[in-house]
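The data block below is protein.tsv; it holds TSV, C-alpha atoms.
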```tsv
chain	number	residue	atom	x	y	z
A	1	MET	CA	140.09	118.52	23.68
A	2	GLU	CA	142.97	116.15	24.16
A	3	ASN	CA	143.24	112.80	25.86
A	4	ILE	CA	139.60	112.55	26.88
A	5	LYS	CA	139.17	109.39	28.80
A	6	ILE	CA	136.20	107.72	30.47
A	7	ARG	CA	136.98	106.16	33.84
A	8	PRO	CA	135.19	105.00	37.00
A	9	ALA	CA	134.87	107.78	39.60
A	10	LEU	CA	136.75	107.71	42.90
A	11	LYS	CA	135.61	109.20	46.18
A	12	SER	CA	138.18	111.94	45.66
A	13	ASP	CA	136.12	113.07	42.64
A	14	SER	CA	133.14	113.91	44.90
A	15	LYS	CA	133.50	117.68	44.60
A	16	SER	CA	133.55	117.56	40.79
A	17	ILE	CA	130.56	115.21	40.72
A	18	LEU	CA	128.48	117.49	42.95
A	19	ARG	CA	129.42	120.53	40.84
A	20	LEU	CA	128.19	118.74	37.70
A	21	ILE	CA	124.97	117.57	39.40
A	22	ASN	CA	124.18	121.22	40.09
A	23	GLU	CA	124.85	122.06	36.44
A	24	LEU	CA	122.57	119.22	35.30
A	25	ALA	CA	119.74	120.39	37.58
A	26	GLU	CA	120.07	123.90	36.16
A	27	PHE	CA	120.06	122.53	32.60
A	28	GLU	CA	116.97	120.35	33.28
A	29	LYS	CA	115.21	123.19	35.14
A	30	LEU	CA	114.77	120.88	38.14
A	31	ASP	CA	115.78	121.36	41.76
A	32	PRO	CA	119.20	119.88	42.59
A	33	PRO	CA	119.55	117.66	45.68
A	34	ASP	CA	119.83	119.66	48.90
A	35	SER	CA	122.98	119.42	51.03
A	36	ARG	CA	121.75	116.31	52.87
A	37	GLY	CA	120.88	114.76	49.52
A	38	LYS	CA	124.37	115.52	48.24
A	39	ARG	CA	125.91	113.80	51.23
A	40	ARG	CA	123.69	110.77	50.63
A	41	ILE	CA	124.69	110.61	46.94
A	42	ILE	CA	128.38	110.48	47.80
A	43	LYS	CA	127.78	107.89	50.51
A	44	ASP	CA	125.57	105.79	48.20
A	45	ALA	CA	128.11	105.96	45.34
A	46	PHE	CA	131.21	105.11	47.36
A	47	SER	CA	130.06	102.89	50.21
A	48	GLY	CA	131.21	99.27	50.48
A	49	LYS	CA	128.05	98.27	48.63
A	50	PRO	CA	127.42	101.12	46.16
A	51	LEU	CA	123.82	101.75	45.06
A	52	PHE	CA	124.94	102.98	41.63
A	53	ASN	CA	128.08	103.35	39.54
A	54	VAL	CA	129.69	106.57	38.36
A	55	LEU	CA	131.75	107.10	35.20
A	56	LEU	CA	133.60	110.35	34.55
A	57	ALA	CA	134.98	111.99	31.42
A	58	GLU	CA	138.36	113.50	32.17
A	59	SER	CA	140.81	115.53	30.11
A	60	ASN	CA	144.14	116.60	31.54
A	61	GLY	CA	142.80	116.46	35.10
A	62	ASP	CA	139.56	118.32	34.36
A	63	ILE	CA	136.24	116.50	34.93
A	64	LEU	CA	133.99	117.29	31.96
A	65	GLY	CA	130.97	115.09	32.53
A	66	TYR	CA	129.54	112.09	34.32
A	67	ALA	CA	127.23	109.13	33.95
A	68	PHE	CA	125.36	107.32	36.75
A	69	TYR	CA	124.22	103.78	35.97
A	70	PHE	CA	123.02	100.63	37.68
A	71	PHE	CA	121.60	97.28	36.64
A	72	THR	CA	117.91	96.51	36.47
A	73	TYR	CA	116.28	93.31	35.18
A	74	SER	CA	113.99	92.43	32.29
A	75	SER	CA	111.81	89.46	33.20
A	76	PHE	CA	110.82	88.88	29.57
A	77	LEU	CA	114.43	88.78	28.34
A	78	ALA	CA	115.52	87.11	31.60
A	79	LYS	CA	118.59	89.33	31.42
A	80	LYS	CA	119.96	92.35	33.20
A	81	THR	CA	119.45	95.84	31.73
A	82	LEU	CA	122.01	98.60	32.11
A	83	TYR	CA	119.96	101.58	33.26
A	84	LEU	CA	121.50	104.99	32.68
A	85	GLU	CA	120.16	107.23	35.45
A	86	ASP	CA	122.07	110.37	34.43
A	87	ILE	CA	124.43	111.41	31.70
A	88	PHE	CA	125.68	114.98	31.62
A	89	ILE	CA	128.44	116.86	29.86
A	90	SER	CA	129.33	120.32	31.06
A	91	GLY	CA	128.16	123.11	28.71
A	92	LYS	CA	131.34	124.13	26.91
A	93	PHE	CA	132.45	120.53	26.35
A	94	ARG	CA	129.39	119.44	24.37
A	95	ASN	CA	129.50	118.42	20.70
A	96	LYS	CA	133.02	117.10	21.06
A	97	GLY	CA	132.20	113.40	20.98
A	98	ILE	CA	132.20	112.88	24.76
A	99	GLY	CA	128.66	111.47	24.72
A	100	LYS	CA	129.76	108.88	22.17
A	101	LEU	CA	132.72	107.93	24.37
A	102	PHE	CA	130.39	107.48	27.35
A	103	PHE	CA	128.00	105.30	25.35
A	104	ALA	CA	130.84	103.20	23.94
A	105	ASP	CA	132.05	102.48	27.48
A	106	LEU	CA	128.51	101.88	28.80
A	107	LYS	CA	127.85	99.40	25.96
A	108	ARG	CA	131.09	97.61	26.76
A	109	ILE	CA	130.10	97.38	30.45
A	110	ALA	CA	126.57	96.23	29.56
A	111	LYS	CA	127.86	93.47	27.29
A	112	LYS	CA	130.43	92.36	29.85
A	113	ASN	CA	127.54	92.02	32.33
A	114	LYS	CA	125.43	90.05	29.80
A	115	CYS	CA	122.74	92.73	29.62
A	116	GLY	CA	120.09	92.45	26.93
A	117	ARG	CA	119.42	96.19	26.79
A	118	MET	CA	120.31	99.66	27.92
A	119	GLU	CA	117.52	102.04	28.98
A	120	TRP	CA	117.22	105.65	30.12
A	121	VAL	CA	114.76	108.55	30.12
A	122	VAL	CA	115.00	111.98	28.55
A	123	LEU	CA	112.93	115.13	28.98
A	124	ASP	CA	110.60	115.64	26.01
A	125	TRP	CA	111.93	119.12	25.20
A	126	ASN	CA	115.56	117.98	25.01
A	127	LYS	CA	115.62	117.65	21.21
A	128	ASN	CA	119.43	117.54	20.93
A	129	ALA	CA	119.65	114.58	23.28
A	130	ILE	CA	116.76	112.79	21.55
A	131	GLU	CA	118.49	113.26	18.18
A	132	PHE	CA	121.74	111.94	19.63
A	133	TYR	CA	120.02	108.87	21.15
A	134	THR	CA	118.17	108.16	17.91
A	135	LYS	CA	121.44	108.27	15.95
A	136	LEU	CA	122.90	105.77	18.42
A	137	GLY	CA	120.14	103.37	17.35
A	138	ALA	CA	118.00	103.72	20.48
A	139	GLU	CA	114.22	103.71	20.21
A	140	GLU	CA	111.54	105.44	22.23
A	141	LEU	CA	109.19	103.05	24.04
A	142	LYS	CA	105.95	104.59	22.90
A	143	MET	CA	103.61	101.79	24.02
A	144	TRP	CA	104.69	101.91	27.64
A	145	LYS	CA	103.64	104.58	30.12
A	146	THR	CA	105.71	105.14	33.25
A	147	PHE	CA	103.88	105.57	36.55
A	148	ARG	CA	105.34	106.96	39.75
A	149	LEU	CA	104.02	106.79	43.30
A	150	LYS	CA	105.60	109.23	45.74
A	151	LEU	CA	106.23	107.87	49.21
B	1	MET	CA	88.69	84.16	48.35
B	2	GLU	CA	89.84	83.38	51.84
B	3	ASN	CA	93.08	83.94	53.64
B	4	ILE	CA	94.84	85.66	50.77
B	5	LYS	CA	98.33	86.46	51.86
B	6	ILE	CA	101.29	88.12	50.18
B	7	ARG	CA	104.61	86.44	50.89
B	8	PRO	CA	108.16	86.25	49.44
B	9	ALA	CA	108.53	83.42	46.91
B	10	LEU	CA	110.65	80.35	47.56
B	11	LYS	CA	112.53	78.30	45.00
B	12	SER	CA	109.89	75.60	45.46
B	13	ASP	CA	107.36	78.07	43.94
B	14	SER	CA	109.26	78.07	40.61
B	15	LYS	CA	106.68	76.06	38.69
B	16	SER	CA	103.83	78.37	39.76
B	17	ILE	CA	105.89	81.46	38.89
B	18	LEU	CA	106.69	80.18	35.39
B	19	ARG	CA	103.04	79.28	34.79
B	20	LEU	CA	102.00	82.84	35.71
B	21	ILE	CA	104.74	84.38	33.54
B	22	ASN	CA	103.23	82.53	30.56
B	23	GLU	CA	99.79	83.88	31.48
B	24	LEU	CA	101.18	87.42	31.73
B	25	ALA	CA	102.86	87.15	28.31
B	26	GLU	CA	99.59	85.98	26.80
B	27	PHE	CA	97.70	88.83	28.49
B	28	GLU	CA	100.23	91.42	27.28
B	29	LYS	CA	100.35	89.89	23.77
B	30	LEU	CA	104.12	89.59	24.09
B	31	ASP	CA	106.37	86.55	23.68
B	32	PRO	CA	107.11	84.77	26.97
B	33	PRO	CA	110.72	83.88	27.80
B	34	ASP	CA	111.90	80.70	26.03
B	35	SER	CA	112.93	77.65	28.06
B	36	ARG	CA	116.51	78.93	28.53
B	37	GLY	CA	115.08	82.29	29.64
B	38	LYS	CA	112.84	80.53	32.15
B	39	ARG	CA	115.81	78.68	33.62
B	40	ARG	CA	117.70	82.00	33.88
B	41	ILE	CA	114.74	83.70	35.63
B	42	ILE	CA	114.63	81.02	38.33
B	43	LYS	CA	118.41	81.12	38.75
B	44	ASP	CA	118.41	84.95	38.88
B	45	ALA	CA	115.56	85.02	41.42
B	46	PHE	CA	116.90	82.40	43.81
B	47	SER	CA	120.69	82.56	43.55
B	48	GLY	CA	122.80	83.59	46.54
B	49	LYS	CA	122.73	87.14	45.18
B	50	PRO	CA	119.26	87.50	43.60
B	51	LEU	CA	118.87	90.01	40.74
B	52	PHE	CA	115.26	90.73	41.70
B	53	ASN	CA	112.71	89.88	44.39
B	54	VAL	CA	109.50	87.93	43.98
B	55	LEU	CA	106.30	88.29	46.00
B	56	LEU	CA	103.41	85.86	45.62
B	57	ALA	CA	99.71	86.05	46.46
B	58	GLU	CA	98.60	82.76	47.94
B	59	SER	CA	95.24	81.45	49.11
B	60	ASN	CA	94.91	78.00	50.67
B	61	GLY	CA	98.03	76.76	48.87
B	62	ASP	CA	97.09	78.18	45.44
B	63	ILE	CA	99.37	80.80	43.87
B	64	LEU	CA	97.15	83.52	42.40
B	65	GLY	CA	99.61	86.17	41.30
B	66	TYR	CA	103.13	87.53	41.54
B	67	ALA	CA	105.16	90.71	41.65
B	68	PHE	CA	108.81	91.13	40.62
B	69	TYR	CA	110.62	94.12	42.05
B	70	PHE	CA	114.11	95.49	42.61
B	71	PHE	CA	115.66	98.73	43.78
B	72	THR	CA	116.86	101.47	41.46
B	73	TYR	CA	118.17	104.90	42.46
B	74	SER	CA	117.03	108.48	41.95
B	75	SER	CA	120.03	110.81	41.84
B	76	PHE	CA	117.83	113.89	42.33
B	77	LEU	CA	116.11	112.50	45.44
B	78	ALA	CA	119.36	110.77	46.47
B	79	LYS	CA	117.18	107.86	47.53
B	80	LYS	CA	116.39	104.38	46.33
B	81	THR	CA	113.29	103.73	44.22
B	82	LEU	CA	111.31	100.49	44.42
B	83	TYR	CA	110.87	99.49	40.79
B	84	LEU	CA	108.01	97.10	40.08
B	85	GLU	CA	109.07	95.08	37.03
B	86	ASP	CA	105.96	92.89	36.85
B	87	ILE	CA	102.70	92.56	38.69
B	88	PHE	CA	100.21	89.98	37.53
B	89	ILE	CA	97.10	88.36	38.94
B	90	SER	CA	95.71	85.28	37.25
B	91	GLY	CA	92.51	85.93	35.26
B	92	LYS	CA	89.79	84.54	37.51
B	93	PHE	CA	91.28	86.11	40.65
B	94	ARG	CA	91.12	89.73	39.45
B	95	ASN	CA	88.92	92.38	41.06
B	96	LYS	CA	89.18	90.73	44.45
B	97	GLY	CA	91.53	93.22	46.07
B	98	ILE	CA	94.74	91.24	45.45
B	99	GLY	CA	96.37	94.15	43.59
B	100	LYS	CA	95.73	96.36	46.62
B	101	LEU	CA	97.30	93.75	48.91
B	102	PHE	CA	100.39	93.63	46.66
B	103	PHE	CA	100.73	97.40	46.64
B	104	ALA	CA	100.29	97.64	50.40
B	105	ASP	CA	103.13	95.18	50.88
B	106	LEU	CA	105.31	96.83	48.23
B	107	LYS	CA	104.80	100.23	49.89
B	108	ARG	CA	105.74	98.73	53.25
B	109	ILE	CA	108.92	97.25	51.72
B	110	ALA	CA	109.75	100.51	49.94
B	111	LYS	CA	109.39	102.56	53.13
B	112	LYS	CA	111.43	100.04	55.12
B	113	ASN	CA	114.19	100.48	52.52
B	114	LYS	CA	113.94	104.30	52.69
B	115	CYS	CA	112.80	104.63	49.09
B	116	GLY	CA	111.52	108.00	47.90
B	117	ARG	CA	109.31	106.52	45.18
B	118	MET	CA	107.87	103.47	43.50
B	119	GLU	CA	107.88	103.28	39.70
B	120	TRP	CA	106.64	100.88	37.03
B	121	VAL	CA	105.46	100.84	33.43
B	122	VAL	CA	102.14	99.84	31.93
B	123	LEU	CA	101.02	99.17	28.35
B	124	ASP	CA	99.01	102.10	27.01
B	125	TRP	CA	95.96	99.95	26.13
B	126	ASN	CA	95.68	98.47	29.63
B	127	LYS	CA	92.97	100.87	30.80
B	128	ASN	CA	91.93	98.79	33.84
B	129	ALA	CA	95.48	98.80	35.20
B	130	ILE	CA	95.89	102.53	34.50
B	131	GLU	CA	92.65	103.27	36.36
B	132	PHE	CA	93.80	101.13	39.29
B	133	TYR	CA	97.20	102.87	39.43
B	134	THR	CA	95.58	106.30	39.24
B	135	LYS	CA	93.28	105.43	42.15
B	136	LEU	CA	96.34	104.39	44.15
B	137	GLY	CA	97.62	107.96	43.77
B	138	ALA	CA	100.28	107.20	41.14
B	139	GLU	CA	100.95	109.65	38.32
B	140	GLU	CA	102.05	109.15	34.75
B	141	LEU	CA	105.42	110.73	33.95
B	142	LYS	CA	104.37	112.57	30.82
B	143	MET	CA	107.45	114.81	30.45
B	144	TRP	CA	109.89	111.92	30.32
B	145	LYS	CA	110.42	109.67	27.32
B	146	THR	CA	111.97	106.24	27.79
B	147	PHE	CA	114.66	105.15	25.33
B	148	ARG	CA	115.92	101.62	24.82
B	149	LEU	CA	119.05	100.37	23.05
B	150	LYS	CA	119.06	96.66	22.21
B	151	LEU	CA	122.39	94.95	22.63
```
Encoded form (structure tokens):
Amino acid sequence: MENIKIRPALKSDSKSILRLINELAEFEKLDPPDSRGKRRIIKDAFSGKPLFNVLLAESNGDILGYAFYFFTYSSFLAKKTLYLEDIFISGKFRNKGIGKLFFADLKRIAKKNKCGRMEWVVLDWNKNAIEFYTKLGAEELKMWKTFRLKL
Amino acid sequence: MENIKIRPALKSDSKSILRLINELAEFEKLDPPDSRGKRRIIKDAFSGKPLFNVLLAESNGDILGYAFYFFTYSSFLAKKTLYLEDIFISGKFRNKGIGKLFFADLKRIAKKNKCGRMEWVVLDWNKNAIEFYTKLGAEELKMWKTFRLKL
């Protein structure tokens, strides 16, 4: 892999982003967004007031992976948190250091925005990802349980 | 308790909010924000572009509890999520239905904003809260582990 760079996504990257979202859903054994959901994602990412930010990993014009992030808030730190909603690297491009490049850029963005933390979730069976996150110095929040109410 | 109402906080409620944040920290056995953190919270809540929203429970001029929330995003639903960062009701006002009033208002706000979900975290020893959330119809996300990287 040569010249891998991490850069903000443009609306013209939409097709590549949606292709990778499908790959992520397959990998996570979850249903991908339907076609209306896909239209909403693109609108929500590239409207005048985006609901989340998209970073891409690119090498010689090929899009190899993506990260979706936004800012949340920790009341106890009284600082923003960079929340990583998705990070995904297409199958054949894994174990080439692209995850590290994404995290380096995300840490830079988080510090620039005076965040106290970065947070994200991972499926419990995804041992490779958990090992990677642990090596980065991240810790699992074992005392906190997450609750969800469907609307 | 008479005339309990849930309403958005104003900057003039700052003192009551900070008093309740101290009570929450004590209840959760965590350190409250220091004085600089408290100044940041008030600035971040009431600036021209607030980083989070504050609801208060009030009865005859007394502030009994608060909720901090903001919007995150679910890429798989392609919809916003209402994330409840804090909900706290002062000791002697618990078990009077104030939590239900907060959740009713939060659900109304979430639906108005076309959210697909509400999410929040709870400390694993807080059995009363977990029972309350379960009765509301919320479910614990057991497959997902939360990771945090301190910056």
Provide as an mmCIF file with C-alpha atoms, in the frame of the given file the residues of chain A at most 7 Å from chain B, counting all atoms listed in the file.
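Below you can see out_9.cif, which holds the result:
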```cif
data_model
loop_
_atom_site.group_PDB
_atom_site.id
_atom_site.type_symbol
_atom_site.label_atom_id
_atom_site.label_comp_id
_atom_site.auth_asym_id
_atom_site.auth_seq_id
_atom_site.Cartn_x
_atom_site.Cartn_y
_atom_site.Cartn_z
ATOM 1 C CA PRO A 32 119.200 119.880 42.590
ATOM 2 C CA PRO A 33 119.550 117.660 45.680
ATOM 3 C CA GLY A 37 120.880 114.760 49.520
ATOM 4 C CA ARG A 40 123.690 110.770 50.630
ATOM 5 C CA ILE A 41 124.690 110.610 46.940
ATOM 6 C CA LEU A 51 123.820 101.750 45.060
ATOM 7 C CA TYR A 73 116.280 93.310 35.180
ATOM 8 C CA SER A 75 111.810 89.460 33.200
ATOM 9 C CA PHE A 76 110.820 88.880 29.570
ATOM 10 C CA LEU A 77 114.430 88.780 28.340
ATOM 11 C CA ALA A 78 115.520 87.110 31.600
ATOM 12 C CA GLY A 116 120.090 92.450 26.930
ATOM 13 C CA ARG A 117 119.420 96.190 26.790
ATOM 14 C CA MET A 118 120.310 99.660 27.920
ATOM 15 C CA GLU A 119 117.520 102.040 28.980
ATOM 16 C CA TRP A 120 117.220 105.650 30.120
ATOM 17 C CA VAL A 121 114.760 108.550 30.120
ATOM 18 C CA VAL A 122 115.000 111.980 28.550
ATOM 19 C CA LEU A 123 112.930 115.130 28.980
ATOM 20 C CA ASP A 124 110.600 115.640 26.010
ATOM 21 C CA GLY A 137 120.140 103.370 17.350
ATOM 22 C CA ALA A 138 118.000 103.720 20.480
ATOM 23 C CA GLU A 139 114.220 103.710 20.210
ATOM 24 C CA GLU A 140 111.540 105.440 22.230
ATOM 25 C CA LEU A 141 109.190 103.050 24.040
ATOM 26 C CA MET A 143 103.610 101.790 24.020
ATOM 27 C CA TRP A 144 104.690 101.910 27.640
ATOM 28 C CA LYS A 145 103.640 104.580 30.120
ATOM 29 C CA THR A 146 105.710 105.140 33.250
ATOM 30 C CA PHE A 147 103.880 105.570 36.550
ATOM 31 C CA ARG A 148 105.340 106.960 39.750
ATOM 32 C CA LEU A 149 104.020 106.790 43.300
ATOM 33 C CA LYS A 150 105.600 109.230 45.740
ATOM 34 C CA LEU A 151 106.230 107.870 49.210
#
```
Subject >> CA of Ile98 (chain A) to CA of Ser35 (chain A), straight-line distance in Å >> reply: 28.6 Å
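For the set B:Glu23, B:Asp105, B:Glu28, B:Asp62, the residue with the smallest atom-to-atom gap to Asn3 (chain B) is B:Asp62, counting all atoms listed in the file.
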Original post:
So, counting only C-alpha atoms, which residue among B:Ala129, B:Ala57, B:Leu106, B:Leu64 is closest to Ile6 (chain B)?
Top reply: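 Checking each of B:Ala129, B:Ala57, B:Leu106, B:Leu64 against Ile6 (chain B), counting only C-alpha atoms, the winner is B:Ala57.
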**OP:** Using only C-alpha atoms, pick whichever of A:Ser59, A:Leu84, A:Lys112, A:Tyr66 has the shortest atom-to-atom distance to Pro8 (chain A).
**Re:** A:Tyr66
Subject >> Distance in Å - CA of Ser12 (chain A) versus CA of Glu58 (chain A) >> reply: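 CA of Glu58 (chain A) lies at a distance of 13.6 Å from CA of Ser12 (chain A).
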Contact residues around Phe93 (chain A) with all atoms listed in the file at 10 Å, ignoring same-chain residues under 4 positions, as an mmCIF file with C-alpha atoms, in the coordinates of the input:
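Final output, saved to out-v6.cif:
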```cif
data_model
loop_
_atom_site.group_PDB
_atom_site.id
_atom_site.type_symbol
_atom_site.label_atom_id
_atom_site.label_comp_id
_atom_site.auth_asym_id
_atom_site.auth_seq_id
_atom_site.Cartn_x
_atom_site.Cartn_y
_atom_site.Cartn_z
ATOM 1 C CA MET A 1 140.090 118.520 23.680
ATOM 2 C CA LEU A 64 133.990 117.290 31.960
ATOM 3 C CA GLY A 65 130.970 115.090 32.530
ATOM 4 C CA ILE A 89 128.440 116.860 29.860
ATOM 5 C CA GLY A 97 132.200 113.400 20.980
ATOM 6 C CA ILE A 98 132.200 112.880 24.760
ATOM 7 C CA GLY A 99 128.660 111.470 24.720
#
```
Original post:
Which distance in Å separates CA of Pro50 (chain A) and CA of Arg7 (chain B), to one decimal?
Top reply: 27.5 Å
